[in-house]
Amino acid sequence: MIEYPFTAPALPVDQPIGTFYVTVLPAELLLQVASSDVMSAALSSDGVGYVLSGTQRLVQDKRLVQIADYIDRIDSAFPNSIILAANYNREVGLDLDELEAMEEEEREETDEAAPVGDLSKAWTVTEKPDGCLQITIPSAEKLAAIIDGQHRLFAFAKADAASRLDMQLICAVFIDLPKAIQAQIFATINSTQKPVDRSLTYELFGYNVSDEPEDFWTPDKLAVFLTRKLATQSSSPLIGKIAVSPKRDEALVALGQQAAWKVSTAVVVDGILRLVSSNPKRDTNAMRTSRAQPRSVLARGPKDKAPLRSEFIGVNDALIYAMVENYLKACANLFWQAPAPGSFIVKTVGVQALFDILRRIAPEAYEAEDLRVPFFENRLRPAAAINFADERFRVPSGSGRSIIRRALEMALGL
């Protein structure tokens, strides 16, 4: 019987792609909290064992049986890791932070939003007094997307020996990993180890591993592309400051970093994504139903309040990037050049709040036909005097983002 919240020691691993955590979790817990886009496990109706559900055609059932037979052996062993992306809501295709922000925005507009994002359920990594790290899994909610190892894990649901559910499995856990990066890791792992049918990657993640025309890029694929550009272009104020790393554990990520501060890929992807789509999952489904379709198909769909929606549909990606880069240059000039010690404007919540403001003022820049840095500097300057190191901003991540955003909105008259 797994009891929640569940905690386990974790080891941070810093690699070029960013930071992830190695931990050891029992198979039973993983069956409860993990799922893939095509398969999930649930407790049997009699309370004994687990049953599998999902699209079986993408999972080789014969292979599951073979692995289950191996699990039942007295000498079974799995020394390779299962790769997970934590805090990902498979039903809507977004992480918990972004869901909470969208929910709050809807609540402000309609006063009646059903709860979707709940950060109290988010997996977190914290540093204990002895300096060791600990990963906490608050509940059995399925918030861990399986990037690699689904056959290995789900075979435990078919194993005869119930005692095998206690088996410890090595896991590599990414926190707040955008779906497009999940696809990249999956495709890379499998293409370097053995040939993988491209349609499998397509069905599992909604992405083609081969190059495709820009007008076929889904909103999240474009957001990831522009984020990578911001991370590498010499003109970008975020060059060297974007990493695949936790959004809620920046103190840990800061260890050993050369840059003064960094923000996760997920933060920037989410910020750009909301400029072009209010419902990325819906858009991806529309562009990937039965066959790949260009962005123009979205013009026939529901109205979308994203400020740069028409530019996305019109494949004007250069304009989208220019606006984001110039806005961030203005942020760098006004907020990031010499932030006060402990300033939250260079932490996750601060950068998230600044992207929230961009979403509010993007229509102004668009209508004025002025995407230059001076336009954004003039618009943001009234907020430059705010002391973002003030104690009032030292609150949990979801609330901190809201408090910073409201402070900016008040100063800017939004």
# chains A, B, ... in the order shown; residues from 1 in each chain; ligands from 1
>>> residues_around(residues="Pro307 of chain A", least_positions_apart="3", cutoff="10 Å", atoms="only C-alpha atoms", output="ChimeraX atom specification")
/A:274-278,304,310-312,358-364,366
>>> residues_around(residues="segment 123-135 of chain A", least_positions_apart="5", cutoff="7 Å", atoms="only C-alpha atoms", output="ChimeraX atom specification")
/A:7-11,86-87,249
